[in-house]
Amino acid sequence: MKQSTKLTLRFYAKYVRRHWVLALVGLIGAIGGAAGTMILPFFFKDFADALTAGETEKLVPILISMTVVSLVEFAFWRTSFYAMASFEATGMKEIADDCFEYLHKHSFNFFSNQFVGSLVKRANRMARSFEDIMDRLYYDFTTLAVRISIAIVVFFSIDMTLGLIVFAWVVIFMGLHLKIGNYKMARYDVPKSLADTRVTGALADTVTNNSTIKLFARLPFEKVEFGKVTKDWSSKVRASWFFSNHVESVQVLFMVGLNSLVLYIAIGMWEEGTLSVGYFILFQTYFIELFSQLWSFERVLRHFYENLADAEEMTEILNMPFEVVDVRGAKKLLAKKGEVKFENVSFSYTDDEESSVVKNLSFVVEAGERVALIGPSGGGKTTIVKLLLRLFDVDKGQILIDGQDSSKVTQDSLRANIALVPQDPILFHRTLMENIRYGKLDATDSEVFRAAKLAHCHEFISKFPSGYKTLVGERGVKLSGGERQRVAIARAILADTKILILDEATSSLDSESEKLIKDAMRVLMKGKTVFIIAHRLSTIVDMDRIIVLEKGRIVEEGGHKDLLKKKGGLYKRLWDLQVGGYLE
């Protein structure tokens with residue numbers, strides 16, 4: 001058994017142990033129901049023998065016994081189904097919850113390298129596969145074992161040679177299918193499942209970028225590219241199904257041979273007078289039941305392995321270590337002032353130290369100080385923000401907030417003390433009220449309205465027929481870029497954290513909106529430690545300090561006027577390009 005398969009079964013076993021009473025009741029019910037099904041043919045045998053012997057007085061008692069056994073069988077099955085319905089529904093809910101939590105604990109880098117659609121499908125499959133696998137184990141494998149065991153015992157009771165033949169055939173048949181099933185899972189089912197996930201990922205990627213496809217008229221191109229993915233998926237599905245058909249063909253031939261052999265033995269027993277009509281009916285009923293169970297064994301085993309293959313994609317993620325984790329005993333960050341200190345911080349997105357984006361970086365931002373980070377693209381501005389938010393762990397050095405090492409406090413408490421207004425805000429497909437309130441979940445409606453007014457959201461929100469109850473669409477697509485930016489600013493105002501990060505926060509606004517937002521920003525920034533990433537230098541001239549970065553190092557810092565006095569300085573050169581260039 002593959003390691004990933006063991007991990008999947010071990011993962012599911014956790015939920016079986018958690019709800020072991022329901023699981024046990026479901027198992028006992030399935031065993032009792034299957035046993036009842038196999039006991040009923042004995043009454044058919046007695047009924048036939050009584051009829052052929054003319055002993056009609058035995059028929060009514062036999063019918064009564066059959067009815068009682070049928071009712072007991074019914075009770076076992078119903079008990080099992082109700083117990084399993086409760087067990088599986090609860091287990092699926094808990095698995096979905098655990099997958100949700102584990103996925104979201106993965107790092108920023110993890111999600112940057114994954115298709116959203118693929119992750120969603122993997123998580124959904126994990127929960128659905130639990131239901132299917134439990135059904136297979138309880139209502140296929142367990143009942144199959146009960147029925148085959150009873151059938152073999154009956155064959156031994158009729159004739160020792162017949163019992164040995166059937167027993168040997170069953171052992172060989174099932175043993176081969178288990179080996180074939182393992183081979184098929186590795187060779188066909190897992191690749192098929194991966195191909196299916198790639199189809200979902202490709203579809204999700206094109207749906208997300210639907211507007212780009214339309215704007216560039218690239219539907220024919222995307223159709224060809226998607227066709228390549230579906231062609232690979234189709235070929236793997238076909239190969240898997242062809243293999244199953246090959247196995248079934250061989251299975252049918254063996255069953256025909258065994259049927260002929262067993263019937264030949266039955267004819268000899270009939271001629272010798274050792275097989276009554278009732279026993280012949282019992283014999284045939286059990287033989288048909290045995291064939292039915294063995295015939296379905298390959299199908300059940302195939303589906304079982306397919307379910308495992310579906311689940312194993314998520315198992316890989318569930319056993320993937322987190323890139324950013326809280327240290328043992330991590331405490332909550334207590335940010336009362338908001339001082340930020342970088343001490344000899346180095347960081348690289350790869351294992352190569354030579355390609356470090358930030359190199360031995362040290363600086364202090366006093367509590368309440370407003371600092372702008374500027375410089376050429378690739379200078380390390382955004383990386384500094386990501387490290388401050390601990391979306392990545394530093395390779396060397398440390399980041400202190402009010403004297404507390406950010407790597408030693410909980411991630412949640414760290415980020416709860418930092419508000420970010422990104423360049424391209426992404427909103428939930430929820431109401432405007434819910435999106436703004438995300439900055440402070442227990443905020444009153446009046447607090448939300450106040451934040452919206454300060455961010456100048458209230459003006460455009462009031463124009464919607466549903467006002468603050470308006471749904472913004474997936475990722476906020478129903479709003480313009482500037483409107484999304486203002487909602488993000490309102491959310492930050494409501495959060496009211498000690499540290500504020502503005503990443504090109506006015507980049508998507510027109511001139512009139514930008515003026516309104518700047519007024520709101522002055523209120524928002526008051527009393528806070530502020531980091532501003534800006535490419536438009538005109539937006540940062542009032543900052544307390546400007547830090548100029550190039551290749552991960554600080555090359556200049558100071559106020560706007562002081563930096564302009566440095567002849568040949570990078571800041572002056574950038575300023576001249578942006579402002580002086582236009583004047584020329």
# chains A, B, ... in the order shown; residues from 1 in each chain; ligands from 1
>>> closest_atom_pairs(of="region 124-178 of chain A", to="region 73-92 of chain A", cutoff="10 Å", atoms="only C-alpha atoms", output="CSV")
residue,atom,partner,partner_atom,distance
A:Asn124,CA,A:Met92,CA,9.4
A:Met126,CA,A:Met92,CA,8.4
A:Ala127,CA,A:Met92,CA,4.9
A:Arg128,CA,A:Met92,CA,7.0
A:Ser129,CA,A:Met92,CA,8.9
A:Phe130,CA,A:Met92,CA,6.7
A:Glu131,CA,A:Glu88,CA,5.8
A:Asp132,CA,A:Glu88,CA,9.3
A:Met134,CA,A:Glu88,CA,7.7
A:Asp135,CA,A:Met84,CA,8.5
A:Tyr138,CA,A:Met84,CA,9.1
A:Tyr139,CA,A:Ser80,CA,9.6
>>> write_last_selection(atoms="N, CA and C atoms", output="mmCIF file, in the first residue's frame")
data_model
loop_
_atom_site.group_PDB
_atom_site.id
_atom_site.type_symbol
_atom_site.label_atom_id
_atom_site.label_comp_id
_atom_site.auth_asym_id
_atom_site.auth_seq_id
_atom_site.Cartn_x
_atom_site.Cartn_y
_atom_site.Cartn_z
ATOM 1 N N ASN A 124 -13.431 19.404 -1.797
ATOM 2 C CA ASN A 124 -14.759 18.803 -1.944
ATOM 3 C C ASN A 124 -14.669 17.293 -2.122
ATOM 4 N N MET A 126 -12.393 15.344 -0.964
ATOM 5 C CA MET A 126 -11.986 14.711 0.287
ATOM 6 C C MET A 126 -13.203 14.358 1.118
ATOM 7 N N ALA A 127 -14.156 15.266 1.208
ATOM 8 C CA ALA A 127 -15.367 15.019 1.994
ATOM 9 C C ALA A 127 -16.260 13.998 1.307
ATOM 10 N N ARG A 128 -16.428 14.127 -0.011
ATOM 11 C CA ARG A 128 -17.289 13.200 -0.745
ATOM 12 C C ARG A 128 -16.712 11.787 -0.758
ATOM 13 N N SER A 129 -15.402 11.692 -0.862
ATOM 14 C CA SER A 129 -14.770 10.372 -0.881
ATOM 15 C C SER A 129 -14.959 9.653 0.448
ATOM 16 N N PHE A 130 -15.024 10.415 1.543
ATOM 17 C CA PHE A 130 -15.282 9.803 2.847
ATOM 18 C C PHE A 130 -16.610 9.054 2.827
ATOM 19 N N GLU A 131 -17.642 9.701 2.311
ATOM 20 C CA GLU A 131 -18.959 9.049 2.209
ATOM 21 C C GLU A 131 -18.871 7.783 1.358
ATOM 22 N N ASP A 132 -18.261 7.903 0.179
ATOM 23 C CA ASP A 132 -18.185 6.758 -0.735
ATOM 24 C C ASP A 132 -17.361 5.617 -0.156
ATOM 25 N N MET A 134 -16.714 4.947 3.049
ATOM 26 C CA MET A 134 -17.446 4.315 4.150
ATOM 27 C C MET A 134 -18.542 3.396 3.628
ATOM 28 N N ASP A 135 -19.249 3.847 2.594
ATOM 29 C CA ASP A 135 -20.297 2.997 1.991
ATOM 30 C C ASP A 135 -19.692 1.732 1.401
ATOM 31 N N TYR A 138 -18.657 -0.611 4.362
ATOM 32 C CA TYR A 138 -19.774 -1.148 5.135
ATOM 33 C C TYR A 138 -20.719 -1.992 4.283
ATOM 34 N N TYR A 139 -21.136 -1.448 3.135
ATOM 35 C CA TYR A 139 -22.207 -2.089 2.372
ATOM 36 C C TYR A 139 -21.729 -2.889 1.174
#
>>> residues_around(residues="Ser118 (chain A)", least_positions_apart="5", cutoff="7 Å", atoms="only C-alpha atoms", output="MDAnalysis selection string")
chainID A and resid 197:198 200:201
>>> write_last_selection(atoms="N, CA, C and O atoms", output="mmCIF file, in the first residue's frame")
data_model
loop_
_atom_site.group_PDB
_atom_site.id
_atom_site.type_symbol
_atom_site.label_atom_id
_atom_site.label_comp_id
_atom_site.auth_asym_id
_atom_site.auth_seq_id
_atom_site.Cartn_x
_atom_site.Cartn_y
_atom_site.Cartn_z
ATOM 1 N N THR A 197 -8.334 17.033 -12.214
ATOM 2 C CA THR A 197 -8.079 18.248 -11.442
ATOM 3 C C THR A 197 -7.497 19.344 -12.328
ATOM 4 O O THR A 197 -7.831 20.522 -12.174
ATOM 5 N N ARG A 198 -6.627 18.964 -13.270
ATOM 6 C CA ARG A 198 -6.051 19.962 -14.182
ATOM 7 C C ARG A 198 -7.126 20.590 -15.061
ATOM 8 O O ARG A 198 -7.053 21.785 -15.381
ATOM 9 N N THR A 200 -10.246 21.076 -14.171
ATOM 10 C CA THR A 200 -10.941 22.026 -13.301
ATOM 11 C C THR A 200 -10.117 23.295 -13.117
ATOM 12 O O THR A 200 -10.647 24.411 -13.165
ATOM 13 N N GLY A 201 -8.818 23.131 -12.892
ATOM 14 C CA GLY A 201 -7.950 24.285 -12.711
ATOM 15 C C GLY A 201 -7.903 25.174 -13.950
ATOM 16 O O GLY A 201 -7.961 26.403 -13.848
#
>>> residues_around(residues="region 443-456 of chain A", least_positions_apart="5", cutoff="9 Å", atoms="only C-alpha atoms", output="list in words")
Met433, Ile436, Arg437, Tyr438, Ile461, Arg486, Val487, Ala488, Ile489, Ala490, Arg491, Ala492, Ile493, Leu494, Ser513, Leu516, Ile517, Asp519, Ala520, Met521, Val523 and Leu524 of chain A
>>> select_by_dssp(residues="region 284-387 of chain A", states="alpha helix (DSSP H)", output="count of residues only")
42
>>> select_by_dssp(residues="region 387-423 of chain A", states="strand (DSSP E)", output="PDB file with C-alpha atoms, in the first residue's frame")
ATOM      1  CA  LYS A 396      18.293  36.220   8.787  1.00  0.00           C
ATOM      2  CA  GLY A 397      17.760  38.942  11.345  1.00  0.00           C
ATOM      3  CA  GLN A 398      14.529  39.873  13.098  1.00  0.00           C
ATOM      4  CA  ILE A 399      11.601  42.274  12.950  1.00  0.00           C
ATOM      5  CA  LEU A 400      10.528  43.845  16.235  1.00  0.00           C
ATOM      6  CA  ILE A 401       7.197  45.504  16.971  1.00  0.00           C
ATOM      7  CA  GLN A 404       8.535  41.984  20.430  1.00  0.00           C
ATOM      8  CA  ASP A 405       9.996  39.595  17.829  1.00  0.00           C
ATOM      9  CA  ILE A 418      -1.696  45.797  11.092  1.00  0.00           C
ATOM     10  CA  ALA A 419      -4.189  47.138   8.563  1.00  0.00           C
ATOM     11  CA  LEU A 420      -3.373  46.832   4.852  1.00  0.00           C
ATOM     12  CA  VAL A 421      -4.932  48.724   1.966  1.00  0.00           C
TER      13      VAL A 421
END
>>> residues_around(residues="Lys336 (chain A)", least_positions_apart="2", cutoff="10 Å", atoms="only C-alpha atoms", output="MDAnalysis selection string")
chainID A and resid 333:334 338:339 367 401:402 417 497:498
>>> closest_residue(among="A:Ile501, A:Val69, A:Ile165, A:Val472", to="Thr431 (chain A)", atoms="only C-alpha atoms")
A:Val472
>>> closest_residue(among="A:Val166, A:Ala48, A:Ile374, A:Ile532", to="Glu557 (chain A)", atoms="only C-alpha atoms")
A:Ile374
>>> closest_residue(among="A:Asp544, A:Glu101, A:Glu550, A:Asp351", to="Ala372 (chain A)", atoms="only C-alpha atoms")
A:Asp544
